[in-house]
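Q: So here's protein.pdb (PDB, C-alpha atoms, pLDDT in the B column).
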```
ATOM      1  CA  MET F 952     -69.017  73.940  37.819  1.00 45.00           C
ATOM      2  CA  SER F 953     -72.604  73.015  38.614  1.00 57.00           C
ATOM      3  CA  ASP F 954     -74.000  72.309  42.064  1.00 67.00           C
ATOM      4  CA  ALA F 955     -74.014  68.568  41.352  1.00 69.00           C
ATOM      5  CA  GLU F 956     -70.340  68.578  40.410  1.00 74.00           C
ATOM      6  CA  LYS F 957     -69.432  70.112  43.795  1.00 81.00           C
ATOM      7  CA  LEU F 958     -70.796  66.996  45.527  1.00 81.00           C
ATOM      8  CA  PHE F 959     -68.293  64.654  43.878  1.00 80.00           C
ATOM      9  CA  ASP F 960     -64.589  63.988  43.941  1.00 72.00           C
ATOM     10  CA  ALA F 961     -64.220  65.335  40.377  1.00 66.00           C
ATOM     11  CA  GLU F 962     -60.907  63.571  39.818  1.00 77.00           C
ATOM     12  CA  HIS F 963     -62.459  60.273  38.668  1.00 86.00           C
ATOM     13  CA  VAL F 964     -65.963  61.446  37.758  1.00 91.00           C
ATOM     14  CA  ARG F 965     -67.309  62.385  34.345  1.00 91.00           C
ATOM     15  CA  PHE F 966     -70.562  64.339  34.204  1.00 91.00           C
ATOM     16  CA  PHE F 967     -73.297  63.900  31.595  1.00 93.00           C
ATOM     17  CA  ASP F 968     -76.428  65.969  30.946  1.00 92.00           C
ATOM     18  CA  GLY F 969     -78.351  62.732  30.458  1.00 92.00           C
ATOM     19  CA  PRO F 970     -77.736  59.062  31.157  1.00 93.00           C
ATOM     20  CA  PRO F 971     -74.014  58.240  31.356  1.00 94.00           C
ATOM     21  CA  GLN F 972     -72.491  56.779  28.186  1.00 93.00           C
ATOM     22  CA  LYS F 973     -70.209  53.826  28.844  1.00 91.00           C
ATOM     23  CA  ASP F 974     -68.259  54.457  25.619  1.00 93.00           C
ATOM     24  CA  ALA F 975     -67.186  57.894  26.886  1.00 92.00           C
ATOM     25  CA  LEU F 976     -65.807  56.563  30.183  1.00 93.00           C
ATOM     26  CA  LYS F 977     -62.230  55.499  30.843  1.00 92.00           C
ATOM     27  CA  PRO F 978     -61.327  52.556  33.096  1.00 92.00           C
ATOM     28  CA  GLY F 979     -61.828  53.445  36.755  1.00 91.00           C
ATOM     29  CA  GLU F 980     -64.164  56.386  36.057  1.00 93.00           C
ATOM     30  CA  LEU F 981     -67.652  57.058  37.336  1.00 93.00           C
ATOM     31  CA  GLY F 982     -70.206  58.530  34.939  1.00 93.00           C
ATOM     32  CA  VAL F 983     -73.017  60.553  36.540  1.00 94.00           C
ATOM     33  CA  ASN F 984     -76.261  62.022  35.183  1.00 93.00           C
ATOM     34  CA  THR F 985     -76.193  65.626  36.489  1.00 91.00           C
ATOM     35  CA  ASP F 986     -79.636  66.355  35.059  1.00 91.00           C
ATOM     36  CA  LEU F 987     -81.156  64.041  37.693  1.00 90.00           C
ATOM     37  CA  PHE F 988     -79.391  65.958  40.448  1.00 87.00           C
ATOM     38  CA  ARG F 989     -80.977  69.193  39.239  1.00 87.00           C
ATOM     39  CA  GLN F 990     -84.384  67.497  39.270  1.00 89.00           C
ATOM     40  CA  VAL F 991     -83.845  66.060  42.772  1.00 88.00           C
ATOM     41  CA  LYS F 992     -82.695  69.451  44.059  1.00 85.00           C
ATOM     42  CA  ASP F 993     -85.769  71.179  42.611  1.00 86.00           C
ATOM     43  CA  PHE F 994     -88.235  68.517  43.744  1.00 86.00           C
ATOM     44  CA  TYR F 995     -86.880  68.149  47.294  1.00 81.00           C
ATOM     45  CA  HIS F 996     -86.045  71.855  47.740  1.00 76.00           C
ATOM     46  CA  LYS F 997     -87.415  71.898  51.284  1.00 74.00           C
ATOM     47  CA  SER F 998     -85.151  69.152  52.601  1.00 66.00           C
ATOM     48  CA  LYS F 999     -82.575  70.353  55.109  1.00 61.00           C
ATOM     49  CA  GLU F1000     -79.344  71.417  53.363  1.00 59.00           C
ATOM     50  CA  ASN F1001     -80.674  69.464  50.399  1.00 78.00           C
ATOM     51  CA  ILE F1002     -79.632  66.165  51.951  1.00 88.00           C
ATOM     52  CA  ALA F1003     -81.303  64.366  49.037  1.00 89.00           C
ATOM     53  CA  CYS F1004     -78.556  65.393  46.601  1.00 89.00           C
ATOM     54  CA  ARG F1005     -75.813  64.636  49.113  1.00 90.00           C
ATOM     55  CA  VAL F1006     -77.204  61.150  49.763  1.00 93.00           C
ATOM     56  CA  LEU F1007     -77.583  60.429  46.042  1.00 92.00           C
ATOM     57  CA  ALA F1008     -74.019  61.630  45.346  1.00 92.00           C
ATOM     58  CA  ASP F1009     -72.682  59.460  48.161  1.00 93.00           C
ATOM     59  CA  ILE F1010     -74.601  56.465  46.807  1.00 93.00           C
ATOM     60  CA  CYS F1011     -73.180  56.989  43.309  1.00 92.00           C
ATOM     61  CA  GLN F1012     -69.621  57.218  44.627  1.00 92.00           C
ATOM     62  CA  ASP F1013     -70.156  54.142  46.805  1.00 92.00           C
ATOM     63  CA  ILE F1014     -70.713  51.602  44.011  1.00 91.00           C
ATOM     64  CA  GLN F1015     -68.651  48.621  45.109  1.00 91.00           C
ATOM     65  CA  ASP F1016     -66.707  46.176  42.914  1.00 89.00           C
ATOM     66  CA  HIS F1017     -69.587  43.674  43.072  1.00 89.00           C
ATOM     67  CA  GLY F1018     -72.029  46.296  41.741  1.00 90.00           C
ATOM     68  CA  TYR F1019     -74.011  46.973  44.901  1.00 92.00           C
ATOM     69  CA  ILE F1020     -73.770  50.076  47.065  1.00 93.00           C
ATOM     70  CA  GLY F1021     -72.106  50.056  50.450  1.00 91.00           C
ATOM     71  CA  ARG F1022     -73.531  49.902  53.937  1.00 92.00           C
ATOM     72  CA  MET F1023     -76.034  52.421  55.188  1.00 91.00           C
ATOM     73  CA  ASP F1024     -74.063  53.026  58.403  1.00 92.00           C
ATOM     74  CA  ASP F1025     -70.926  53.957  56.447  1.00 94.00           C
ATOM     75  CA  SER F1026     -72.920  56.382  54.317  1.00 93.00           C
ATOM     76  CA  ALA F1027     -74.474  57.939  57.418  1.00 94.00           C
ATOM     77  CA  GLU F1028     -71.033  58.426  58.946  1.00 95.00           C
ATOM     78  CA  ARG F1029     -69.620  60.047  55.794  1.00 92.00           C
ATOM     79  CA  LEU F1030     -72.567  62.450  55.528  1.00 92.00           C
ATOM     80  CA  GLY F1031     -72.966  63.160  59.234  1.00 92.00           C
ATOM     81  CA  ALA F1032     -76.593  62.024  59.179  1.00 92.00           C
ATOM     82  CA  ALA F1033     -78.642  59.463  61.055  1.00 93.00           C
ATOM     83  CA  PRO F1034     -78.854  55.961  59.529  1.00 93.00           C
ATOM     84  CA  SER F1035     -82.636  56.281  59.502  1.00 93.00           C
ATOM     85  CA  THR F1036     -82.310  59.371  57.275  1.00 93.00           C
ATOM     86  CA  ILE F1037     -80.120  57.474  54.814  1.00 93.00           C
ATOM     87  CA  GLN F1038     -82.561  54.550  54.795  1.00 93.00           C
ATOM     88  CA  ARG F1039     -85.510  56.872  54.170  1.00 93.00           C
ATOM     89  CA  TRP F1040     -83.762  58.453  51.174  1.00 93.00           C
ATOM     90  CA  ARG F1041     -82.757  55.056  49.795  1.00 93.00           C
ATOM     91  CA  ILE F1042     -86.393  53.952  49.879  1.00 93.00           C
ATOM     92  CA  ARG F1043     -87.472  57.173  48.137  1.00 93.00           C
ATOM     93  CA  PHE F1044     -84.818  56.662  45.467  1.00 94.00           C
ATOM     94  CA  VAL F1045     -86.066  53.099  44.896  1.00 94.00           C
ATOM     95  CA  ASP F1046     -89.591  54.483  44.495  1.00 94.00           C
ATOM     96  CA  ASN F1047     -88.261  57.057  41.984  1.00 92.00           C
ATOM     97  CA  GLY F1048     -86.309  54.427  40.024  1.00 93.00           C
ATOM     98  CA  PHE F1049     -82.836  55.756  40.868  1.00 94.00           C
ATOM     99  CA  LEU F1050     -81.941  52.629  42.863  1.00 94.00           C
ATOM    100  CA  LYS F1051     -82.854  48.989  42.435  1.00 93.00           C
ATOM    101  CA  ARG F1052     -83.598  46.885  45.488  1.00 91.00           C
ATOM    102  CA  HIS F1053     -82.266  43.342  45.253  1.00 88.00           C
ATOM    103  CA  THR F1054     -83.033  41.900  48.679  1.00 82.00           C
ATOM    104  CA  VAL F1055     -85.350  42.658  51.543  1.00 76.00           C
ATOM    105  CA  ASN F1056     -82.450  43.218  53.934  1.00 76.00           C
ATOM    106  CA  GLY F1057     -81.165  46.279  52.062  1.00 78.00           C
ATOM    107  CA  ARG F1058     -79.016  45.285  49.090  1.00 87.00           C
ATOM    108  CA  TYR F1059     -79.275  48.045  46.487  1.00 92.00           C
ATOM    109  CA  SER F1060     -77.665  48.925  43.172  1.00 93.00           C
ATOM    110  CA  VAL F1061     -77.669  52.184  41.227  1.00 94.00           C
ATOM    111  CA  ASP F1062     -79.747  52.366  38.058  1.00 94.00           C
ATOM    112  CA  PRO F1063     -77.487  52.758  34.983  1.00 93.00           C
ATOM    113  CA  GLY F1064     -79.435  55.885  33.994  1.00 93.00           C
ATOM    114  CA  VAL F1065     -78.148  57.573  37.169  1.00 94.00           C
ATOM    115  CA  ALA F1066     -74.518  56.431  37.372  1.00 94.00           C
ATOM    116  CA  ILE F1067     -72.168  53.921  35.786  1.00 94.00           C
ATOM    117  CA  ARG F1068     -68.845  52.860  37.254  1.00 94.00           C
ATOM    118  CA  MET F1069     -66.149  51.322  35.067  1.00 94.00           C
ATOM    119  CA  SER F1070     -63.767  48.731  36.465  1.00 92.00           C
ATOM    120  CA  ALA F1071     -60.009  48.982  36.061  1.00 90.00           C
ATOM    121  CA  ASP F1072     -60.186  46.649  33.056  1.00 91.00           C
ATOM    122  CA  GLY F1073     -62.746  48.874  31.284  1.00 88.00           C
ATOM    123  CA  LYS F1074     -65.937  46.901  31.919  1.00 91.00           C
ATOM    124  CA  VAL F1075     -69.146  48.299  33.396  1.00 91.00           C
ATOM    125  CA  ILE F1076     -69.580  47.179  36.997  1.00 91.00           C
ATOM    126  CA  LYS F1077     -72.961  45.473  37.347  1.00 88.00           C
ATOM    127  CA  PRO F1078     -74.548  43.781  40.357  1.00 86.00           C
ATOM    128  CA  THR F1079     -73.518  40.164  40.557  1.00 79.00           C
ATOM    129  CA  PRO F1080     -75.665  37.858  42.664  1.00 71.00           C
ATOM    130  CA  GLU F1081     -73.831  35.817  45.204  1.00 64.00           C
ATOM    131  CA  ASN F1082     -73.732  32.108  44.684  1.00 51.00           C
ATOM    132  CA  LYS F1083     -76.527  30.590  46.662  1.00 53.00           C
ATOM    133  CA  ALA F1084     -75.700  27.250  48.144  1.00 49.00           C
ATOM    134  CA  ASN F1085     -78.221  24.483  47.873  1.00 52.00           C
ATOM    135  CA  PHE F1086     -78.588  22.900  51.241  1.00 48.00           C
ATOM    136  CA  ARG F1087     -79.281  19.225  51.341  1.00 53.00           C
ATOM    137  CA  PHE F1088     -80.237  17.384  54.459  1.00 50.00           C
TER     138      PHE F1088
END
```
Show how you would write the structure in this file as structure tokens.
A:
Amino acid sequence: MSDAEKLFDAEHVRFFDGPPQKDALKPGELGVNTDLFRQVKDFYHKSKENIACRVLADICQDIQDHGYIGRMDDSAERLGAAPSTIQRWRIRFVDNGFLKRHTVNGRYSVDPGVAIRMSADGKVIKPTPENKANFRF
């Protein structure tokens, strides 16, 4: 078991040495690129308790049914870190291409090269934009 695999609930997670392959995943599974975790661990080796890998693992496991990741406060509570720490790592992961930023107020999704989550009906969960109402006065 690699260091990256210890960060996940291995029951519903399948690990890949490269980008996750959707054809190899079963419904309800999460596919994760463990090679990126090794790179993050090596690059951010000075970060305290390697929080970078813990944050990235939490983000991957937190892909919601609408394709976006969950709230920053919830992630901070799960990891026992400050919300500002989680926000800082999210911004770094956007800069590195691991996350995609959809709105200015903090709506993010995980790049498919990092992690893919399959829905219960066997489809890849992708970010779906909310319907935007057209206001008429």
Q: Need the neighbours of (-78.9, 60.5, 36.9): which residues are at most 8 Å away, counting all atoms listed in the file, as a list of chain:residue names?
A: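 Protein, DNA and RNA residues close to (-78.9, 60.5, 36.9): F:Gly969, F:Pro970, F:Pro971, F:Val983, F:Asn984, F:Thr985, F:Asp986, F:Leu987, F:Phe988, F:Phe1049, F:Gly1064, F:Val1065, F:Ala1066.
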Q: Counting only C-alpha atoms, which residue out of F:Asn1001, F:Gln1015, F:Asn1047, F:Thr1054 sits closest to Leu1030 (chain F)?
A: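 Among the listed residues, F:Asn1001 lies closest to Leu1030 (chain F).
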Q: For CA of Ile1014 (chain F) and CA of Ile1067 (chain F), quote the distance in Å rounded to one decimal.
A: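 About the pair CA of Ile1014 (chain F) and CA of Ile1067 (chain F): they are 8.7 Å apart.
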Q: Which residues are close to Asp1013 (chain F), i.e. within 12 Å by all atoms listed in the file, leaving aside same-chain residues fewer than 5 positions away? Reply as a ChimeraX atom specification.
A: /F:959-960,981,1006-1008,1018-1023,1025-1026,1029,1059-1061,1066-1068
Q: Residues as selected, C-alpha atoms, written as a tab-separated table (two decimals), keeping the file's coordinate frame, can you do that?
A:
```
chain	number	residue	atom	x	y	z
F	959	PHE	CA	-68.29	64.65	43.88
F	960	ASP	CA	-64.59	63.99	43.94
F	981	LEU	CA	-67.65	57.06	37.34
F	1006	VAL	CA	-77.20	61.15	49.76
F	1007	LEU	CA	-77.58	60.43	46.04
F	1008	ALA	CA	-74.02	61.63	45.35
F	1018	GLY	CA	-72.03	46.30	41.74
F	1019	TYR	CA	-74.01	46.97	44.90
F	1020	ILE	CA	-73.77	50.08	47.06
F	1021	GLY	CA	-72.11	50.06	50.45
F	1022	ARG	CA	-73.53	49.90	53.94
F	1023	MET	CA	-76.03	52.42	55.19
F	1025	ASP	CA	-70.93	53.96	56.45
F	1026	SER	CA	-72.92	56.38	54.32
F	1029	ARG	CA	-69.62	60.05	55.79
F	1059	TYR	CA	-79.28	48.04	46.49
F	1060	SER	CA	-77.67	48.92	43.17
F	1061	VAL	CA	-77.67	52.18	41.23
F	1066	ALA	CA	-74.52	56.43	37.37
F	1067	ILE	CA	-72.17	53.92	35.79
F	1068	ARG	CA	-68.84	52.86	37.25
```
Q: Point out the residue among F:Asp1024, F:Asp1046, F:Glu956, F:Asp1072 with the least atom-to-atom distance to Arg1005 (chain F), counting only C-alpha atoms.
A: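 Ranking F:Asp1024, F:Asp1046, F:Glu956, F:Asp1072 by distance to Arg1005 (chain F), first place goes to F:Glu956.
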Q: Go ahead and compute the interatomic distance for CA of Val964 (chain F) and CA of Arg989 (chain F), in Å to one decimal.
A: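 Rounded to one decimal, the two atoms are 17.0 Å apart.
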